[in-house]
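Report on the structure given below.
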Amino acid sequence: MDISLYTSSMSEEIRDEGRAEGRAQGRADSLLLVLDVRGIALTEAARKKITACTDAYLLHQWLQRATTATTAEEVFAEGPEGPKDH
């Protein structure tokens with residue numbers, strides 16, 4: 001059996017991309033859960049912004065803010081961590 005496809009740099013790149021997408025999806029799910037548990041209402045636009053985001057680092061920033069925020073606006077607010085939109 002030829003396993004070169006599984007060990008090529010292209011297949012590794014595809015696996016890395018899948019891992020990054022998985023991390024982003026996991027963080028988006030966690031962020032939505034934290035906001036829900038804390039009773040912070042989300043507009044449909046805010047929910048879409050979270051679920052459409054593929055930047056795991058930005059999602060991590062939002063997740064950190066969600067632990068202390070009292071509104072969704074605080075989660076997305078521009079701050080020292082970087083821009084509010086990505």
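A note on labels: chains of the structure tokens are A, B, ... as shown, every chain counts residues from 1, and ligands are counted from 1 in their shown order.
Neighbouring residues of Thr68 of chain A at 12 Å or closer, counting only C-alpha atoms and skipping chain neighbours under 3 positions away, are A:Val34, A:Leu35, A:Arg38, A:Gly39, A:Ile40, A:Gln61, A:Trp62, A:Leu63, A:Gln64, A:Arg65, A:Thr71, A:Ala72, A:Glu74, A:Val75.
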### Message
Give me, as a PyMOL selection string, all polymer residues having an atom no more than 12 Å from Arg47 of chain A, counting only C-alpha atoms and skipping those fewer than 4 positions away in the same chain.
### Response
chain A and resi 28-29+31-33+35-36+40-43+51-53+72+75-76
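In this comparison, which uses only C-alpha atoms, the residue of A:Ala77, A:Val37, A:Ala24, A:Ala45 approaching His60 of chain A most closely is A:Ala24.
One distance worth recording is that between atom CA of Glu44 of chain A and atom CA of Gly26 of chain A, which is 19.3 Å.
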### Query
Could you pull out the helix (DSSP H, G or I) residues of segment 8-80 of chain A from DSSP and send them as JSON, numbers by chain?
{"A": [9, 10, 11, 12, 13, 14, 15, 16, 17, 18, 19, 20, 21, 22, 23, 24, 25, 26, 27, 28, 29, 30, 31, 32, 33, 34, 35, 36, 37, 44, 45, 46, 47, 48, 49, 50, 51, 52, 56, 57, 58, 59, 60, 61, 62, 63, 64, 65, 66, 72, 73, 74, 75, 76]}
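Rounded to one decimal, atom CA of Arg27 of chain A and atom CA of Met10 of chain A lie 25.9 Å from each other.
Atom CA of Asp55 of chain A is found 10.8 Å from atom CA of Gly22 of chain A.
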